[in-house]
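To start, the structure itself, in structure tokens.
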Amino acid sequence: MPKDNTTDLILEIKNLKTHFILNAGTIRAVDGVDLTISRGKTLGVIGESGCGKSVTAHSILRLIPSPPGEIVDGEILLHRDGEVIDIAKLKPTEEAMRNIRGDDIGMIFQEPMTSFGPLHTIGDQITETILIHKKAADKSEAKSQAVDLLRQVGIPNPEQRVDGYPHEFSGGMRQRAMIAMALCCSPMLLIADEPTTSLDVTIEAQILELLADLQAQTGMAIMLISHNLAIVSEMADDIAVMYLGKRVEFGTTDAIFDNPLHPYTQGLWRSIPSVDGPLEKLVPIPGVVPSPRDLPSGCVFASRCSEFMPGICDQPKPVPIVEADPDHFVACYLYDNEQV
Amino acid sequence: MNKNSKPILEVRDLRQFFPIQEGFLRRTIGYVKAVNGISLTINEGETLGLVGESGCGKSTLGCTILRLYEPTGGEVILHDGDEQLSVFELSHHEMRQVRANMQMIFQDPFASLNERMTVLDNVIEPLVCNDIGTNQEREAKAENLLMQVGLQKEHLRRYPHSFSGGQRQRIGIARALSIEPKFIVADEPVFALDVSVQAQILNLMQELQAEFGLSYLFISHDMAVIRYVSDRIAVMYVGELVEYAERDELLHHPAHPYTEALHSAVPRLTQRGRRNRIILEGTPPDPSDLPPGCVFQTRCRYAEAKCKEEVPELREISDGHFVACHLAEELNLVGIQS
Amino acid sequence: MNQTPIHAFFSRIASGYIRWRETRAKRLQESLYYASQRKLVWHAFNRHKLARISLVFLAILYFVSVFADFFAPFGPLKRFKDFNDAPPTSIHLIKADGRLSRPHIYETKRELNTDTFKYRYSEDRSKPHSIRFIVRTEPYKLLGFIPMQHKLFGLENRQVPLLLFGSDRLGRDVFSRILFAGRISLFIGFGGVLVAFILGSILGGISGYYGGVVDEAIQRVIEVLISVPDIPIWIALSAALPRDWGTINIYFAITLILSVRGWTGLARVVRGRIISLREEEFALAAKAAGASDRRIIFKHLLPAFSSYLIVHMTLAIPGMILGETALSFLGLGIRPPAVSWGTLLQEAQDVNVLANFPWMLIPALFVVGAILMFNFVGDGLRDAADPYSSSR
């Protein structure tokens, strides 16, 4: 694993499989994903829509609607004060799970408008969360904490804004308030699922800056999920690349960006325009993402891969995960020297 | 780029205000100034990139140029050979000639196709509406177009719901091309697509441009995409054009503080970890309640007293480089370092 | 594992079956690519069992009502002397000698009970009559123009009453009358919804597409109309109908009265959808393609929510049927001699009926059944109307 000091681990995901069992067939949204997140570090998860990155995040918090969603296999190990809890074994409605949500792991979403109820003030909603998790003795104490939090996330005039309703906040301000709410129990881990996708570039810069500042202050770990490679490259220490429910590559940010191994990662790099690098002709990844309903039986990327090896890549068995370089894992036969 | 190329479209002082109405009698109490006096020129065969944040009026500008909305004021002049057509003065019948020259590619491929019609009917809709060709000719044309945008002719009889986002956008492009326009407004054509598919569409648009000699007004919020496709770039902020120049000139030597900040805010692939970027405080002003003076003065870190009083004119500071800033000459702004 | 020939045989069959299933699924998937919206909706609707069954029953009900001349053993006004308020005739399958035989009935005798002064009906076991299918009857005209001489079932002897659901005070067959009444009651729903649909989509469309003062005016009218309770407005309007109008006139007048409020809901639906769709990209795309306003509305906007309209209309029909029933029940709707389910129930108004002639309430079962089935079908359509969201 990238950081071999296991005492620093906060979250370990091993072979997670979250499937959606529908009448029309089973969708293997997450199908054998391993991730590790260490204290104070940022893990970037990148991938296109439908790759299972959000489902992974929701699985960690057990927010998957069931039915049809179900964690069919794997472990989600939360390391807390020396003990290890397997979140995958808990019931979504159990008290232990409710305590983990918010208390140990906070989450912010892409569209902050839907995360707040429209009928209560921002302050009331943050205060209520604080009281539920018993971080304050009474309502007035909770409210003063809420004001502090809003100030911490850079909302001007927090004393007044605390009584404002969500619709009175702009998109950026709402995302700040959302972060404040996620932070109210000082979680060890903050899951940020596309936190800036609905925001403008200049507002996005504000929010990313804020997240980096908060991480420096509190030492929390961040799991940053995004389809925007540039954001992840700026924020993350480690990166997991996902494609169709599989984690195809995992390593440090430098390794992933300077020495991408998986043909999908390499293809991604060639297909995105840069805002300041040399201007090169883009090389798109050909074809379309296969439907998650009928995944190919071998490597899921085989149908679009430029390095496709007939007879090897389409073997109907899981692709082995190879540690090609120290702490740099890739699920690809190209690097599987011993076994081919 | 050819400096002597002929213009295909000129926009002069275009304004598009949407009234804010209130009460039973629909009294107008103010205007949202979505497009507030914009002038620009697009040359034959070039791509003008229009970049700006959401709500800055860039999509409205695109739609108004095509007269999808009736404009509040200004002029759009389309050059068709030696003929000059003033788009807003034409009758509905005469608009046909304009439509044959200007088309649009839309942002959301899931919303822009008619789900009830086959791919064929979607693609030939402009021909049907303008009464061009017989049914056989239309169908033959649609077949050709579908191949040109990278689909197969078997797809003609299918319905849009069986296609992915990228494929749908190809259908949208085929529809825009069916009437053989010279000029296309592309409104965030890759916004809704996955990164690996974006490049497919961007390259396709460039190939088609070379093949048909198209001119694009390419609207996007994504600086990297704009840089990749554009010959020239126009930067919009709250309904106004703040800067407008050739691509490398604008990116390497920005003259407007907003251009500088916008470019700086974009996350970089080439830089890891934290870097010193310009963080713009606050949010853009409300387009129905503009500040006095320069539109950008509320967030500008260089703003002086003059900026809060006088509205800066868009002026040419060097050959083909237009900027609307009082301090353009004094500031030494940072662009791409090369 | 050593495989015996039997094993190999079965595994071959099994794998063949799996392959067949796969190709079938694939073919189905491919046919979906070419499926229009209408087919997708139908596909989704078909998975809704209750709705599908209801649709079949409704179809049968409508069919039987339309061809009531053929299906009903007697005409709606045919009276059997001395059979006033007779109970349903029982049908027997076992003859007096204990042998199974074709369905038959016995002639009914009537006696006056001199203590209670009520008639008592009893079977005369000596006179069996077989029920025959496609039985020859007096000549009549199906739908008013096809000369026919047969009915679906009946007795050879036309003078012996076969009263499946009993008879009413005047000795008329309730079963036959229910079928004939269905013609009015079931179709007044269609008629009302049709008028409501035309009014609603035109006024709603204008209101939504053009907006402004027209929109305001139409919206205010709708608000006034829906703030008046149903029954009083219907009563007022139908009380104004001239007493000497014929059945046809009354029928159309009642249809109009019922749709006076029916269109308002639809107009609101249409207006809302148009307003939201007008700004959608496919509408802008059509405009950019050069489509006229009319083409945009009728070719692009209306089809985009036709499924919603159909759902709305399906769910509106029961309201119309109930409205007609209520009006006729109060004596303000369809007037005798025309029969509707409402007029049939009107005859069953007093307590005497409830106590002594409960079969007179059978029409109510038809009303309830039809309305329930319309609601099931409407629910099924509503779930199916958006095939894209449900298929994900």
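Ordered as shown in the structure tokens, chains take letters A, B, and onward, while each chain numbers its residues from 1 and ligands are numbered from 1 in the order shown.
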(request) Restrict the distance test to only C-alpha atoms, flag each residue of chain C within 6 Å of chain B, and return the flagged residues as a list in words. (result) Tyr33, Tyr34, Gln37, Glu281, Phe282, Ala289, Gly290 and Ala291 of chain C
For the residues in the current selection, export C-alpha atoms as a compact mmCIF listing (two decimals), in the first residue's frame.
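Output (out_16.txt):
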# COMPACT_ATOMS: atom_id res chain seq x y z
CA TYR C 33 -33.23 0.39 -30.30
CA TYR C 34 -35.73 0.73 -33.08
CA GLN C 37 -41.71 6.11 -27.70
CA GLU C 281 -33.09 22.49 -26.12
CA PHE C 282 -35.04 20.35 -28.55
CA ALA C 289 -33.92 24.46 -37.84
CA GLY C 290 -36.52 26.94 -39.02
CA ALA C 291 -39.69 25.27 -37.79
Would you tabulate, counting only C-alpha atoms, all residues of chain B that have an atom at most 10 Å from an atom of chain A, showing the closest pair of atoms and their distance in Å to one decimal, sorted by chain then ascending number, as a Markdown table?
| residue | atom | partner | partner_atom | distance |
| --- | --- | --- | --- | --- |
| B:Gly52 | CA | A:Asp200 | CA | 9.0 |
| B:Glu53 | CA | A:Asp200 | CA | 5.8 |
| B:Ser54 | CA | A:Asp200 | CA | 6.5 |
| B:Gly55 | CA | A:Asp200 | CA | 9.7 |
| B:Phe163 | CA | A:Val288 | CA | 9.9 |
| B:Ser164 | CA | A:Val288 | CA | 7.6 |
| B:Gly165 | CA | A:Val288 | CA | 9.3 |
| B:Gly166 | CA | A:Val288 | CA | 7.8 |
| B:Gln167 | CA | A:Val288 | CA | 8.5 |
| B:Leu193 | CA | A:Ser49 | CA | 9.0 |
| B:Asp194 | CA | A:Glu48 | CA | 5.7 |
| B:Val195 | CA | A:Ile272 | CA | 6.7 |
| B:Ser196 | CA | A:Ile285 | CA | 5.7 |
| B:Val197 | CA | A:Pro284 | CA | 6.8 |
| B:Gln198 | CA | A:Ser271 | CA | 7.7 |
| B:Ala199 | CA | A:Pro284 | CA | 5.0 |
| B:Gln200 | CA | A:Pro284 | CA | 5.2 |
| B:Ile201 | CA | A:Pro284 | CA | 8.8 |
| B:Leu202 | CA | A:Leu282 | CA | 8.5 |
| B:Asn203 | CA | A:Leu282 | CA | 7.3 |
| B:His221 | CA | A:Val201 | CA | 8.0 |
| B:Asp222 | CA | A:Val201 | CA | 8.2 |
| B:Met223 | CA | A:Val275 | CA | 6.3 |
| B:Ala224 | CA | A:Val275 | CA | 4.2 |
| B:Val225 | CA | A:Pro273 | CA | 6.0 |
| B:Ile226 | CA | A:Val275 | CA | 8.7 |
| B:Arg227 | CA | A:Val275 | CA | 6.7 |
| B:Tyr228 | CA | A:Pro273 | CA | 6.2 |
| B:Val229 | CA | A:Pro273 | CA | 9.4 |
| B:Leu251 | CA | A:Asp276 | CA | 8.6 |
| B:His252 | CA | A:Asp276 | CA | 9.3 |
| B:Tyr258 | CA | A:Thr202 | CA | 9.8 |
| B:Ala261 | CA | A:Thr202 | CA | 7.6 |
| B:Leu262 | CA | A:Thr202 | CA | 6.3 |
| B:His263 | CA | A:Val275 | CA | 7.9 |
| B:Ser264 | CA | A:Thr202 | CA | 8.8 |
| B:Ala265 | CA | A:Ala205 | CA | 5.5 |
| B:Val266 | CA | A:Val201 | CA | 6.2 |
| B:Pro267 | CA | A:Ala230 | CA | 5.1 |
| B:Arg268 | CA | A:Ala230 | CA | 5.1 |
| B:Leu269 | CA | A:Ala230 | CA | 4.6 |
| B:Thr270 | CA | A:Gly277 | CA | 6.8 |
| B:Gln271 | CA | A:Glu234 | CA | 6.6 |
| B:Arg272 | CA | A:Glu234 | CA | 4.8 |
| B:Gly273 | CA | A:Glu234 | CA | 4.6 |
| B:Arg274 | CA | A:Glu234 | CA | 6.3 |
| B:Arg275 | CA | A:Glu234 | CA | 8.3 |
| B:Arg277 | CA | A:Ala205 | CA | 8.2 |
| B:Ile278 | CA | A:Ala205 | CA | 8.5 |
| B:Ile279 | CA | A:Gln206 | CA | 6.1 |
| B:Leu280 | CA | A:Thr202 | CA | 6.1 |
| B:Glu281 | CA | A:Gln206 | CA | 7.7 |
| B:Gly282 | CA | A:Ile203 | CA | 8.1 |
| B:Thr283 | CA | A:Ile203 | CA | 7.5 |
| B:Pro284 | CA | A:Thr202 | CA | 9.8 |
| B:Gly335 | CA | A:Asp276 | CA | 8.9 |
| B:Ile336 | CA | A:Asp276 | CA | 5.8 |
| B:Gln337 | CA | A:Asp276 | CA | 8.0 |
| B:Ser338 | CA | A:Asp276 | CA | 8.8 |
(message) Would you pick out the contacts of Gly144 of chain C at 12 Å or less, using only C-alpha atoms, so that residues sharing its chain but fewer than 4 positions from it are not included, and give the list as a PyMOL selection string?
(response) chain C and resi 66-70+139-140+148
Which residues of chain A come within 12 Å of chain C, and what is each one's closest atom pair and distance in Å (one decimal), counting only C-alpha atoms, sorted by chain and residue number, as a Markdown table?
| residue | atom | partner | partner_atom | distance |
| --- | --- | --- | --- | --- |
| A:Phe20 | CA | C:Arg392 | CA | 11.0 |
| A:Ile21 | CA | C:Arg392 | CA | 11.7 |
| A:Leu22 | CA | C:Arg392 | CA | 9.2 |
| A:Asn23 | CA | C:Ser391 | CA | 9.8 |
| A:Ala24 | CA | C:Ser391 | CA | 8.3 |
| A:Gly25 | CA | C:Arg392 | CA | 10.8 |
| A:Thr26 | CA | C:Arg392 | CA | 11.6 |
| A:Ile27 | CA | C:Arg392 | CA | 10.2 |
| A:Pro68 | CA | C:Arg392 | CA | 11.8 |
| A:Ser291 | CA | C:Arg392 | CA | 11.2 |
| A:Pro292 | CA | C:Arg392 | CA | 10.9 |
| A:Arg293 | CA | C:Arg392 | CA | 10.2 |
| A:Asp294 | CA | C:Lys26 | CA | 10.6 |
Those residues you just picked out, can you put them in a file as a short mmCIF file (atom, residue, chain, number, x, y, z; two decimals), in the first residue's frame with N, CA and C atoms?
data_model
loop_
_atom_site.label_atom_id
_atom_site.label_comp_id
_atom_site.auth_asym_id
_atom_site.auth_seq_id
_atom_site.Cartn_x
_atom_site.Cartn_y
_atom_site.Cartn_z
N PHE A 20 -26.35 -3.62 -7.95
CA PHE A 20 -27.76 -3.22 -7.96
C PHE A 20 -28.54 -4.33 -8.63
N ILE A 21 -29.42 -4.94 -7.89
CA ILE A 21 -30.14 -6.09 -8.43
C ILE A 21 -31.51 -5.62 -8.92
N LEU A 22 -31.62 -5.54 -10.23
CA LEU A 22 -32.85 -5.03 -10.84
C LEU A 22 -33.55 -6.16 -11.59
N ASN A 23 -34.77 -5.93 -11.94
CA ASN A 23 -35.51 -6.94 -12.71
C ASN A 23 -34.79 -7.25 -14.01
N ALA A 24 -34.28 -6.18 -14.62
CA ALA A 24 -33.69 -6.35 -15.95
C ALA A 24 -32.29 -6.95 -15.88
N GLY A 25 -31.78 -7.19 -14.68
CA GLY A 25 -30.44 -7.75 -14.57
C GLY A 25 -29.66 -7.07 -13.47
N THR A 26 -28.52 -7.61 -13.14
CA THR A 26 -27.71 -7.06 -12.07
C THR A 26 -26.71 -6.07 -12.65
N ILE A 27 -26.65 -4.89 -12.02
CA ILE A 27 -25.65 -3.91 -12.43
C ILE A 27 -24.53 -3.96 -11.41
N PRO A 68 -32.60 -1.45 -4.61
CA PRO A 68 -31.97 -2.60 -5.26
C PRO A 68 -30.49 -2.76 -4.90
N SER A 291 -22.27 -0.82 -21.72
CA SER A 291 -23.34 -0.71 -20.74
C SER A 291 -23.00 -1.55 -19.51
N PRO A 292 -23.21 -1.01 -18.32
CA PRO A 292 -22.88 -1.77 -17.10
C PRO A 292 -23.74 -3.02 -16.95
N ARG A 293 -24.78 -3.16 -17.77
CA ARG A 293 -25.63 -4.34 -17.68
C ARG A 293 -24.94 -5.58 -18.24
N ASP A 294 -24.19 -5.39 -19.34
CA ASP A 294 -23.49 -6.56 -19.87
C ASP A 294 -22.01 -6.24 -20.02
#
(message) Residues near Phe305 of chain C, anyone? I mean within 8 Å using only C-alpha atoms, not counting same-chain ones fewer than 4 positions away, as a list in words.
(response)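 Listed by chain and then number, they are Arg273, Leu301 and Leu309 of chain C.
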Those selected residues, please, written with C-alpha atoms and delivered as a tab-separated table (two decimals), in the first residue's frame.
chain	number	residue	atom	x	y	z
C	273	ARG	CA	-45.67	21.30	-19.68
C	301	LEU	CA	-43.96	20.01	-27.95
C	309	LEU	CA	-52.16	13.79	-21.55
(message) as a PyMOL selection string, please: every residue in segment 7-251 of chain C that DSSP puts in helix (DSSP H, G or I).
(response) chain C and resi 7-33+37-46+49-66+68-71+174-210+212-227+230-239+247-251
(request) For Ile219 of chain B, list every protein, DNA or RNA residue within 10 Å, evaluated using only C-alpha atoms, and leave out those in the same chain fewer than 5 positions away; present the list as a PyMOL selection string. (result) chain B and resi 48-52+58-59+61-62+107+185-189+225-226+233-234
Kindly export the residues of the current selection with C-alpha atoms, as an mmCIF file, in the first residue's frame.
data_model
loop_
_atom_site.group_PDB
_atom_site.id
_atom_site.type_symbol
_atom_site.label_atom_id
_atom_site.label_comp_id
_atom_site.auth_asym_id
_atom_site.auth_seq_id
_atom_site.Cartn_x
_atom_site.Cartn_y
_atom_site.Cartn_z
ATOM 1 C CA LEU B 48 -13.974 32.160 -32.096
ATOM 2 C CA GLY B 49 -13.957 30.815 -28.566
ATOM 3 C CA LEU B 50 -16.349 32.526 -26.187
ATOM 4 C CA VAL B 51 -15.486 31.835 -22.582
ATOM 5 C CA GLY B 52 -17.202 32.924 -19.397
ATOM 6 C CA LYS B 58 -22.721 33.555 -23.377
ATOM 7 C CA SER B 59 -25.473 31.089 -24.281
ATOM 8 C CA LEU B 61 -25.584 35.617 -26.984
ATOM 9 C CA GLY B 62 -25.383 32.473 -29.115
ATOM 10 C CA GLN B 107 -25.199 21.682 -24.935
ATOM 11 C CA VAL B 185 -22.845 28.311 -32.935
ATOM 12 C CA ALA B 186 -21.633 25.495 -30.687
ATOM 13 C CA ASP B 187 -23.038 26.039 -27.205
ATOM 14 C CA GLU B 188 -20.927 23.988 -24.774
ATOM 15 C CA PRO B 189 -21.003 20.980 -27.114
ATOM 16 C CA VAL B 225 -11.278 23.304 -24.231
ATOM 17 C CA ILE B 226 -11.457 26.884 -25.514
ATOM 18 C CA ILE B 233 -10.856 34.008 -27.826
ATOM 19 C CA ALA B 234 -13.458 36.378 -26.424
#
(message) Set the distance at 10 Å and use only C-alpha atoms: which residues neighbour Asn36 of chain B once local chain neighbours fewer than 6 positions away are removed? I'd like the list as an NGL selection string.
(response) :B and (13-17 or 57 or 61 or 72-74 or 238-241 or 287)
Convert the current residue selection to file output with C-alpha atoms, as a compact mmCIF listing (two decimals), in the first residue's frame.
# COMPACT_ATOMS: atom_id res chain seq x y z
CA ASP B 13 -23.74 46.43 -30.10
CA LEU B 14 -26.01 43.48 -29.46
CA ARG B 15 -28.31 43.78 -26.46
CA GLN B 16 -30.69 41.22 -25.04
CA PHE B 17 -32.62 42.29 -21.95
CA GLY B 57 -24.87 35.53 -20.97
CA LEU B 61 -25.58 35.62 -26.98
CA THR B 72 -33.59 44.09 -27.58
CA GLY B 73 -31.20 46.01 -29.79
CA GLY B 74 -28.17 45.89 -32.03
CA VAL B 238 -21.88 39.60 -16.82
CA GLY B 239 -23.22 40.37 -20.28
CA GLU B 240 -20.18 42.26 -21.51
CA LEU B 241 -17.13 41.47 -23.54
CA PRO B 287 -27.19 41.22 -14.17
(request) Go through C:Gly192, C:Gly319, C:Pro87, C:Gly200 and flag the residue nearest Ala267 of chain C, using only C-alpha atoms for the distances. (result)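 Going through C:Gly192, C:Gly319, C:Pro87, C:Gly200 one by one, the smallest distance to Ala267 of chain C is for C:Gly200.
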(request) Please provide as a PyMOL selection string all residues within 12 Å of segment 210-212 of chain B, with the sequence filter that same-chain residues fewer than 5 positions apart are discarded (counting only C-alpha atoms). (result) chain B and resi 44-47+145+148-149+177-184+203-205
